[in-house]
Amino acid sequence: MSEGLNKAQQEAVSHHAGPLVVIAGPGSGKTRVMTQRIADMVHSGIAPGSILAITFTNKAAEEMLRRTMQLLSIPELDSFHGNGFFGSAALGLEEDRPVLRTFHSFCARLLRRHAHRLEPYTSQFSIYDSVDQKQLVTEVMKQLQLDRTAFPPRASMSTISQWKNQMVSPEIAIDQAATFRDRELGKLYGRYQELLEERDAADFDDLLLLVVRLLTEHPDVLERLQERFQYVMIDEFQDTNRPQYLIAKLLSQSHSNICVTGDPDQSIYSWRGASPDNFNRFREDFPQHQVVTLEQNYRSTPQILEVASRLAGSEFGHRELFTENADGNAVRVQQLHDERTESRRVCDHVESWLSEGVSSDQIAVLYRVNSLSRAIEEEFVRRRLQYAVVGGMSFYERKEIKDILGYLRAARSSRDDVALQRIFNTPARGIGKVSLERFQDAAISNGRTMGEHLRRSDCTEGIKGKAKKGIDHLREVLEKLEDRLSGGLADLVEQAIEASGYISHLERSEPENWQEREQNLQELVAAAAETEEILDLARQQPLQRHEDNEDDFDPLTIFLERIALVADADSQEELKEKVSLMTLHAAKGLEFEKVIIIGVEETLIPHSRHGEVEGIDEEKRLLYVGVTRAMEELVLTHSSWRRRFQEREPRLPSSFLSELEGTSIEFDRSPSRSGHTSPTVWDEESAHDSEEDDGLHPGAWVQHELLGRGRVNTVQGYGSSRRITVRFENGEERQLVVAYAPLTPISPPDEEWEAC
DNA sequence: CCTACTTGTTTTTTT
DNA sequence: AACAAGTAGG
């Protein structure tokens, strides 16, 4: 069963009871150990359903479940696994299998079951994502008359979040405020929290905090959970924050069967309240613990590890990384002119790897900030290379999606005013600012939420004409939806789109790309249909139900919860045959044969706005995490110029790179063909040169596989949504999506030319 | 009193 | 670019 494990791995796998700390360096086979350990426990007679494993991301949870199931030879629950909206663990039918969840999804499910014991909350509570959160903060700021420029909503949100992660209540925050500013923020925090409760809503931080409250205030609930989950595992322990640690500790207090795994050197979430100090806390709280350290690296070549050790060696951890892997190519550092040349270089690498037979999904491009993906995407599209952006702006954060979901939420809960306000006059129905304010005031003076107020017949008192009509119409739409809440989910979503008149609203407000947005709404319907199907399937499963697991929530609740918490779960299928593009943070826990890290520059990889607390060390660990993702080959790039907003800025190589001098790294500082080394001698010629040369600009000629030759009229957008209009020789004019159209640029006469 | 248009701001990382 | 706030026009 556990053949092929080294001594330390063996030790971790066969340790079942009592507290255990596994310190696992990058590539040391941690996931393998975790899954083997679960399998080993089950084989020794421990009930699978009594094992709870908490991971950091949904992707990790899914992967771990998949591998565990394989080891246990339990068949996959459903055939839908491939398209990813659901992993099999999603539905709480796991009585006969281990429970594998993220902290947040585990907590959400727990709260659904017990919310009625937490004062104003109900099991219908809404989960507010960052978009909802921002809306609420902005609303409160208006109430408190705080100036947006002095208190940027985003910054306020992050302050509030930090307080929550430190478990500082509004009262204490106000109490400890040293400045006027802090006091105002404390008030903001307090009011924000009041409104959340009033709205039966929890933000991401609340999911954790409410569970802490639940477990401490209701010992009976805690006791039942401790009985149910006799074995607890926490992955990526260095990235747990205070509430998460408390939850883990509470759950395992009675039996002490808790295993935590992680690596302090890979701690990259301190800005979110996470602290590797939890390892020390753990050691104190569970004094009988054993420690296993996994040091041997099975992932990377010695060349890559040499770079990693350099980064790790100086400031943080002191553990040695070693490998018995064979030598590989030298790690390369390459300086380029600007993001265009950088993108081209990246694609050159990718193309040459592909031609060597490397599969696309074994290649990753990593960057510090999401905005860097843009230039890379453009070049990938130009060269028709398949790629997938992991993370970034999620599908469910798009405006049109949030709007339709707003209808569903407002219909489902009369307390979810953030949702209601979002759709109050979208599509425009004649309710302006003034009428909205009147309506709000009326609701407040009656001690109701807007949703509750709307559901009363006297709600339009004092409002007349178009606005009154609009409000009446909105109520009718919501009533129609309410009637269908218990029906089919896909049908409900379709009704929301239909009854709100959203499509014609799109056509009016966005003549440019309404079709694309409508397409997105179609996908939302499809996702709803899929959810419905899986729920039906799940309910037919003849599982004996655990008494604690009556997860018979309505499909809509489950749908919305999945959307809020699992939106990032890209399925294996979607990533297949594609090069991955993602942030360094998102790359944690993953591995690829070939890795390119772009933008290794001052102000980016030590980011200019790094947190004060952990500061530059955390930035270095972040690079360390990126570097250690690579198995065979690693390329770091930085460019001399980078475009930000409208301007071009000169860039310096990251100071971390200078620490790598003297290793076997191959430095390539002769930038692109034109031979300009320093930003200062960079000139017009190369500026022009880097602007346009994919042959897709107005006036250029293209060859279409089916439609023949034509001339480009207009170009809009970028990346995968880049579209052009082309007038073909037969006189027809067509709009085409560059990413999908079989187009080749040609020169006006007839001779073909290829992009680099 | 509402809508459509113009202007200024915005990007660190995520559940 | 995408989004909020501010302004002119209906």
# chains A, B, ... in the order shown; residues from 1 in each chain; ligands from 1
call {"tool": "interface_residues", "arguments": {"of": "chain B", "to": "chain A", "cutoff": "7 Å", "atoms": "only C-alpha atoms (C1' of nucleotides)", "output": "number ranges by chain"}}
result
B: 2, 12-13, 15
call {"tool": "select_by_dssp", "arguments": {"residues": "segment 403-598 of chain A", "states": "helix (DSSP H, G or I)", "output": "PyMOL selection string"}}
result
chain A and resi 403-412+417-423+433-445+450-454+457-460+465-483+489-500+502-509+514-540+555-566+572-575
call {"tool": "interface_residues", "arguments": {"of": "chain C", "to": "chain A", "cutoff": "12 Å", "atoms": "only C-alpha atoms (C1' of nucleotides)", "output": "list of chain:residue names"}}
result
C:DA1, C:DA2, C:DC3, C:DA4, C:DA5
call {"tool": "select_by_dssp", "arguments": {"residues": "segment 168-329 of chain A", "states": "strand (DSSP E)", "output": "PyMOL selection string"}}
result
chain A and resi 201-203+231-234+258-262+290-294+296-297+322-323
call {"tool": "write_last_selection", "arguments": {"atoms": "all heavy atoms", "output": "short mmCIF file (atom, residue, chain, number, x, y, z; two decimals), in the first residue's frame"}}
result
data_model
loop_
_atom_site.label_atom_id
_atom_site.label_comp_id
_atom_site.auth_asym_id
_atom_site.auth_seq_id
_atom_site.Cartn_x
_atom_site.Cartn_y
_atom_site.Cartn_z
N ALA A 201 -26.85 38.36 6.55
CA ALA A 201 -25.76 38.12 5.63
C ALA A 201 -24.43 37.96 6.36
O ALA A 201 -24.20 38.57 7.40
CB ALA A 201 -25.64 39.29 4.64
N ALA A 202 -23.58 37.13 5.79
CA ALA A 202 -22.25 36.91 6.34
C ALA A 202 -21.23 37.14 5.24
O ALA A 202 -21.40 36.66 4.12
CB ALA A 202 -22.12 35.49 6.87
N ASP A 203 -20.18 37.92 5.51
CA ASP A 203 -19.10 37.99 4.54
C ASP A 203 -18.15 36.82 4.79
O ASP A 203 -18.36 36.03 5.70
CB ASP A 203 -18.40 39.36 4.58
CG ASP A 203 -17.68 39.63 5.89
OD1 ASP A 203 -17.40 38.68 6.64
OD2 ASP A 203 -17.39 40.81 6.18
N TYR A 231 -11.17 12.45 13.60
CA TYR A 231 -9.84 12.69 13.04
C TYR A 231 -9.86 13.95 12.19
O TYR A 231 -10.67 14.07 11.28
CB TYR A 231 -9.37 11.50 12.22
CG TYR A 231 -9.28 10.25 13.06
CD1 TYR A 231 -10.39 9.43 13.25
CD2 TYR A 231 -8.09 9.93 13.71
CE1 TYR A 231 -10.32 8.31 14.07
CE2 TYR A 231 -8.01 8.81 14.52
CZ TYR A 231 -9.12 8.01 14.71
OH TYR A 231 -9.05 6.93 15.52
N VAL A 232 -8.98 14.87 12.51
CA VAL A 232 -8.98 16.16 11.81
C VAL A 232 -7.61 16.39 11.15
O VAL A 232 -6.57 16.11 11.74
CB VAL A 232 -9.27 17.31 12.80
CG1 VAL A 232 -9.17 18.66 12.13
CG2 VAL A 232 -10.65 17.13 13.44
N MET A 233 -7.64 16.85 9.91
CA MET A 233 -6.40 17.20 9.22
C MET A 233 -6.52 18.61 8.67
O MET A 233 -7.54 18.97 8.08
CB MET A 233 -6.14 16.22 8.06
CG MET A 233 -5.83 14.81 8.51
SD MET A 233 -5.89 13.64 7.14
CE MET A 233 -4.20 13.71 6.59
N ILE A 234 -5.47 19.40 8.87
CA ILE A 234 -5.47 20.76 8.33
C ILE A 234 -4.26 20.94 7.43
O ILE A 234 -3.12 20.78 7.86
CB ILE A 234 -5.36 21.83 9.45
CG1 ILE A 234 -6.34 21.54 10.59
CG2 ILE A 234 -5.54 23.23 8.88
CD1 ILE A 234 -7.78 21.82 10.27
N ILE A 258 -5.35 15.30 15.71
CA ILE A 258 -5.26 16.37 14.72
C ILE A 258 -3.88 16.38 14.08
O ILE A 258 -2.87 16.31 14.75
CB ILE A 258 -5.59 17.75 15.34
CG1 ILE A 258 -5.39 18.85 14.29
CG2 ILE A 258 -4.75 18.01 16.60
CD1 ILE A 258 -5.91 20.21 14.71
N CYS A 259 -3.92 16.43 12.75
CA CYS A 259 -2.67 16.45 12.00
C CYS A 259 -2.62 17.74 11.19
O CYS A 259 -3.53 18.03 10.43
CB CYS A 259 -2.63 15.24 11.06
SG CYS A 259 -1.40 15.34 9.76
N VAL A 260 -1.58 18.53 11.41
CA VAL A 260 -1.44 19.76 10.62
C VAL A 260 -0.21 19.64 9.73
O VAL A 260 0.82 19.14 10.13
CB VAL A 260 -1.32 21.01 11.52
CG1 VAL A 260 -2.56 21.15 12.38
CG2 VAL A 260 -0.09 20.96 12.40
N THR A 261 -0.37 20.08 8.48
CA THR A 261 0.75 20.03 7.56
C THR A 261 0.98 21.38 6.93
O THR A 261 0.03 22.14 6.71
CB THR A 261 0.50 19.03 6.41
OG1 THR A 261 -0.61 19.49 5.65
CG2 THR A 261 0.21 17.66 6.94
N GLY A 262 2.20 21.68 6.64
CA GLY A 262 2.49 22.95 5.99
C GLY A 262 3.96 23.24 5.96
O GLY A 262 4.78 22.35 6.20
N GLN A 290 3.81 14.93 17.87
CA GLN A 290 5.02 14.45 17.20
C GLN A 290 5.28 15.32 15.99
O GLN A 290 4.34 15.87 15.41
CB GLN A 290 4.84 13.02 16.74
CG GLN A 290 5.14 12.00 17.83
CD GLN A 290 5.09 10.60 17.27
OE1 GLN A 290 5.56 10.34 16.18
NE2 GLN A 290 4.47 9.71 18.04
N VAL A 291 6.53 15.42 15.60
CA VAL A 291 6.87 16.21 14.43
C VAL A 291 7.55 15.34 13.38
O VAL A 291 8.44 14.56 13.70
CB VAL A 291 7.83 17.37 14.78
CG1 VAL A 291 8.16 18.19 13.53
CG2 VAL A 291 7.23 18.25 15.86
N VAL A 292 7.08 15.43 12.16
CA VAL A 292 7.75 14.75 11.05
C VAL A 292 8.14 15.82 10.04
O VAL A 292 7.34 16.69 9.71
CB VAL A 292 6.80 13.74 10.37
CG1 VAL A 292 7.46 13.17 9.12
CG2 VAL A 292 6.44 12.62 11.34
N THR A 293 9.37 15.76 9.59
CA THR A 293 9.81 16.74 8.59
C THR A 293 10.12 16.04 7.29
O THR A 293 10.89 15.08 7.25
CB THR A 293 11.07 17.47 9.08
OG1 THR A 293 10.80 17.99 10.39
CG2 THR A 293 11.41 18.62 8.17
N LEU A 294 9.47 16.50 6.23
CA LEU A 294 9.72 15.93 4.90
C LEU A 294 10.67 16.86 4.17
O LEU A 294 10.32 18.00 3.87
CB LEU A 294 8.42 15.80 4.11
CG LEU A 294 7.27 15.05 4.79
CD1 LEU A 294 6.05 15.02 3.87
CD2 LEU A 294 7.69 13.62 5.16
N GLN A 296 13.14 15.65 1.58
CA GLN A 296 13.60 15.30 0.24
C GLN A 296 12.63 15.80 -0.82
O GLN A 296 11.43 15.58 -0.74
CB GLN A 296 13.78 13.79 0.09
CG GLN A 296 14.29 13.43 -1.30
CD GLN A 296 14.82 12.01 -1.39
OE1 GLN A 296 14.81 11.27 -0.40
NE2 GLN A 296 15.27 11.64 -2.58
N ASN A 297 13.18 16.48 -1.79
CA ASN A 297 12.37 17.02 -2.87
C ASN A 297 12.34 16.04 -4.04
O ASN A 297 13.39 15.59 -4.50
CB ASN A 297 12.96 18.36 -3.32
CG ASN A 297 12.19 18.97 -4.46
OD1 ASN A 297 12.14 18.42 -5.56
ND2 ASN A 297 11.58 20.12 -4.21
N PHE A 322 16.95 19.07 -0.54
CA PHE A 322 17.84 18.26 -1.37
C PHE A 322 17.03 17.33 -2.25
O PHE A 322 15.85 17.05 -1.98
CB PHE A 322 18.82 17.46 -0.52
CG PHE A 322 18.19 16.26 0.16
CD1 PHE A 322 18.30 14.99 -0.40
CD2 PHE A 322 17.49 16.40 1.34
CE1 PHE A 322 17.73 13.89 0.22
CE2 PHE A 322 16.91 15.31 1.96
CZ PHE A 322 17.03 14.05 1.40
N THR A 323 17.66 16.92 -3.32
CA THR A 323 16.98 16.03 -4.25
C THR A 323 17.97 15.03 -4.81
O THR A 323 19.17 15.29 -4.83
CB THR A 323 16.34 16.82 -5.40
OG1 THR A 323 15.57 15.92 -6.20
CG2 THR A 323 17.40 17.49 -6.28
#
call {"tool": "closest_residue", "arguments": {"among": "A:Glu633, A:Val350, A:Ser158, A:Gly462", "to": "DT14 of chain B", "atoms": "only C-alpha atoms (C1' of nucleotides)"}}
result
A:Ser158
call {"tool": "atom_distance", "arguments": {"atom1": "atom CA of Glu184 of chain A", "atom2": "atom CA of Gly451 of chain A"}}
result
28.6 Å
call {"tool": "residues_around", "arguments": {"residues": "DT6 of chain B", "least_positions_apart": "2", "cutoff": "10 Å", "atoms": "only C-alpha atoms (C1' of nucleotides)", "output": "MDAnalysis selection string"}}
result
(chainID B and resid 4 8) or (chainID C and resid 6:8)
call {"tool": "write_last_selection", "arguments": {"atoms": "all heavy atoms", "output": "tab-separated table (two decimals), in the first residue's frame"}}
result
chain	number	residue	atom	x	y	z
B	4	DA	P	-31.13	56.18	-20.60
B	4	DA	OP1	-31.79	55.47	-21.73
B	4	DA	OP2	-30.45	55.42	-19.54
B	4	DA	O5'	-30.10	57.23	-21.20
B	4	DA	C5'	-30.54	58.33	-22.00
B	4	DA	C4'	-29.36	59.22	-22.27
B	4	DA	O4'	-29.05	59.95	-21.06
B	4	DA	C3'	-28.08	58.46	-22.65
B	4	DA	O3'	-27.38	59.18	-23.66
B	4	DA	C2'	-27.30	58.43	-21.35
B	4	DA	C1'	-27.68	59.76	-20.72
B	4	DA	N9	-27.60	59.78	-19.26
B	4	DA	C8	-27.88	58.77	-18.38
B	4	DA	N7	-27.71	59.09	-17.13
B	4	DA	C5	-27.28	60.41	-17.18
B	4	DA	C6	-26.94	61.34	-16.18
B	4	DA	N6	-26.96	61.05	-14.87
B	4	DA	N1	-26.55	62.57	-16.57
B	4	DA	C2	-26.52	62.85	-17.88
B	4	DA	N3	-26.84	62.07	-18.92
B	4	DA	C4	-27.21	60.85	-18.49
B	8	DG	P	-11.62	65.65	-15.33
B	8	DG	OP1	-11.29	66.99	-14.81
B	8	DG	OP2	-10.97	65.14	-16.54
B	8	DG	O5'	-11.42	64.58	-14.16
B	8	DG	C5'	-12.00	64.82	-12.88
B	8	DG	C4'	-11.98	63.54	-12.08
B	8	DG	O4'	-12.70	62.52	-12.81
B	8	DG	C3'	-10.57	62.98	-11.85
B	8	DG	O3'	-10.49	62.57	-10.49
B	8	DG	C2'	-10.50	61.78	-12.77
B	8	DG	C1'	-11.95	61.33	-12.79
B	8	DG	N9	-12.32	60.52	-13.95
B	8	DG	C8	-12.15	60.83	-15.28
B	8	DG	N7	-12.61	59.90	-16.09
B	8	DG	C5	-13.11	58.93	-15.24
B	8	DG	C6	-13.74	57.70	-15.52
B	8	DG	O6	-13.97	57.20	-16.62
B	8	DG	N1	-14.10	57.01	-14.37
B	8	DG	C2	-13.88	57.47	-13.09
B	8	DG	N2	-14.29	56.69	-12.10
B	8	DG	N3	-13.31	58.63	-12.80
B	8	DG	C4	-12.95	59.30	-13.92
C	6	DG	P	-20.37	63.44	-6.37
C	6	DG	OP1	-19.63	64.23	-5.37
C	6	DG	OP2	-21.74	62.96	-6.09
C	6	DG	O5'	-20.39	64.24	-7.74
C	6	DG	C5'	-19.17	64.67	-8.33
C	6	DG	C4'	-19.47	65.29	-9.67
C	6	DG	O4'	-19.90	64.25	-10.58
C	6	DG	C3'	-20.60	66.33	-9.64
C	6	DG	O3'	-20.23	67.45	-10.43
C	6	DG	C2'	-21.78	65.59	-10.26
C	6	DG	C1'	-21.08	64.67	-11.26
C	6	DG	N9	-21.84	63.50	-11.64
C	6	DG	C8	-22.41	62.56	-10.81
C	6	DG	N7	-23.03	61.61	-11.45
C	6	DG	C5	-22.86	61.93	-12.79
C	6	DG	C6	-23.31	61.27	-13.97
C	6	DG	O6	-23.98	60.23	-14.05
C	6	DG	N1	-22.92	61.94	-15.13
C	6	DG	C2	-22.19	63.10	-15.15
C	6	DG	N2	-21.91	63.59	-16.35
C	6	DG	N3	-21.76	63.73	-14.06
C	6	DG	C4	-22.13	63.10	-12.93
C	7	DT	P	-21.23	68.71	-10.59
C	7	DT	OP1	-20.41	69.92	-10.54
C	7	DT	OP2	-22.39	68.54	-9.67
C	7	DT	O5'	-21.76	68.49	-12.06
C	7	DT	C5'	-20.86	68.62	-13.16
C	7	DT	C4'	-21.65	68.63	-14.46
C	7	DT	O4'	-22.26	67.32	-14.64
C	7	DT	C3'	-22.79	69.64	-14.50
C	7	DT	O3'	-22.80	70.31	-15.76
C	7	DT	C2'	-24.04	68.80	-14.31
C	7	DT	C1'	-23.63	67.49	-14.97
C	7	DT	N1	-24.36	66.29	-14.48
C	7	DT	C2	-24.89	65.41	-15.40
C	7	DT	O2	-24.80	65.55	-16.61
C	7	DT	N3	-25.55	64.34	-14.85
C	7	DT	C4	-25.74	64.07	-13.52
C	7	DT	O4	-26.35	63.08	-13.14
C	7	DT	C5	-25.15	65.04	-12.60
C	7	DT	C7	-25.29	64.85	-11.13
C	7	DT	C6	-24.50	66.09	-13.13
C	8	DA	P	-23.69	71.61	-15.96
C	8	DA	OP1	-22.77	72.72	-16.28
C	8	DA	OP2	-24.65	71.73	-14.86
C	8	DA	O5'	-24.48	71.22	-17.28
C	8	DA	C5'	-23.77	70.69	-18.39
C	8	DA	C4'	-24.74	69.97	-19.31
C	8	DA	O4'	-25.27	68.81	-18.63
C	8	DA	C3'	-25.95	70.81	-19.76
C	8	DA	O3'	-26.19	70.56	-21.13
C	8	DA	C2'	-27.08	70.30	-18.87
C	8	DA	C1'	-26.70	68.83	-18.69
C	8	DA	N9	-27.19	68.20	-17.46
C	8	DA	C8	-27.09	68.68	-16.18
C	8	DA	N7	-27.61	67.88	-15.27
C	8	DA	C5	-28.08	66.81	-16.02
C	8	DA	C6	-28.75	65.62	-15.66
C	8	DA	N6	-29.05	65.30	-14.39
C	8	DA	N1	-29.07	64.76	-16.64
C	8	DA	C2	-28.77	65.07	-17.90
C	8	DA	N3	-28.15	66.15	-18.37
C	8	DA	C4	-27.83	66.99	-17.36
call {"tool": "atom_distance", "arguments": {"atom1": "atom CA of Ile54 of chain A", "atom2": "atom CA of Leu214 of chain A"}}
result
18.4 Å
call {"tool": "atom_distance", "arguments": {"atom1": "atom CA of Val579 of chain A", "atom2": "atom CA of Asp348 of chain A"}}
result
13.2 Å
call {"tool": "residues_around", "arguments": {"residues": "segment 298-314 of chain A", "least_positions_apart": "2", "cutoff": "10 Å", "atoms": "only C-alpha atoms (C1' of nucleotides)", "output": "count of residues only"}}
result
53
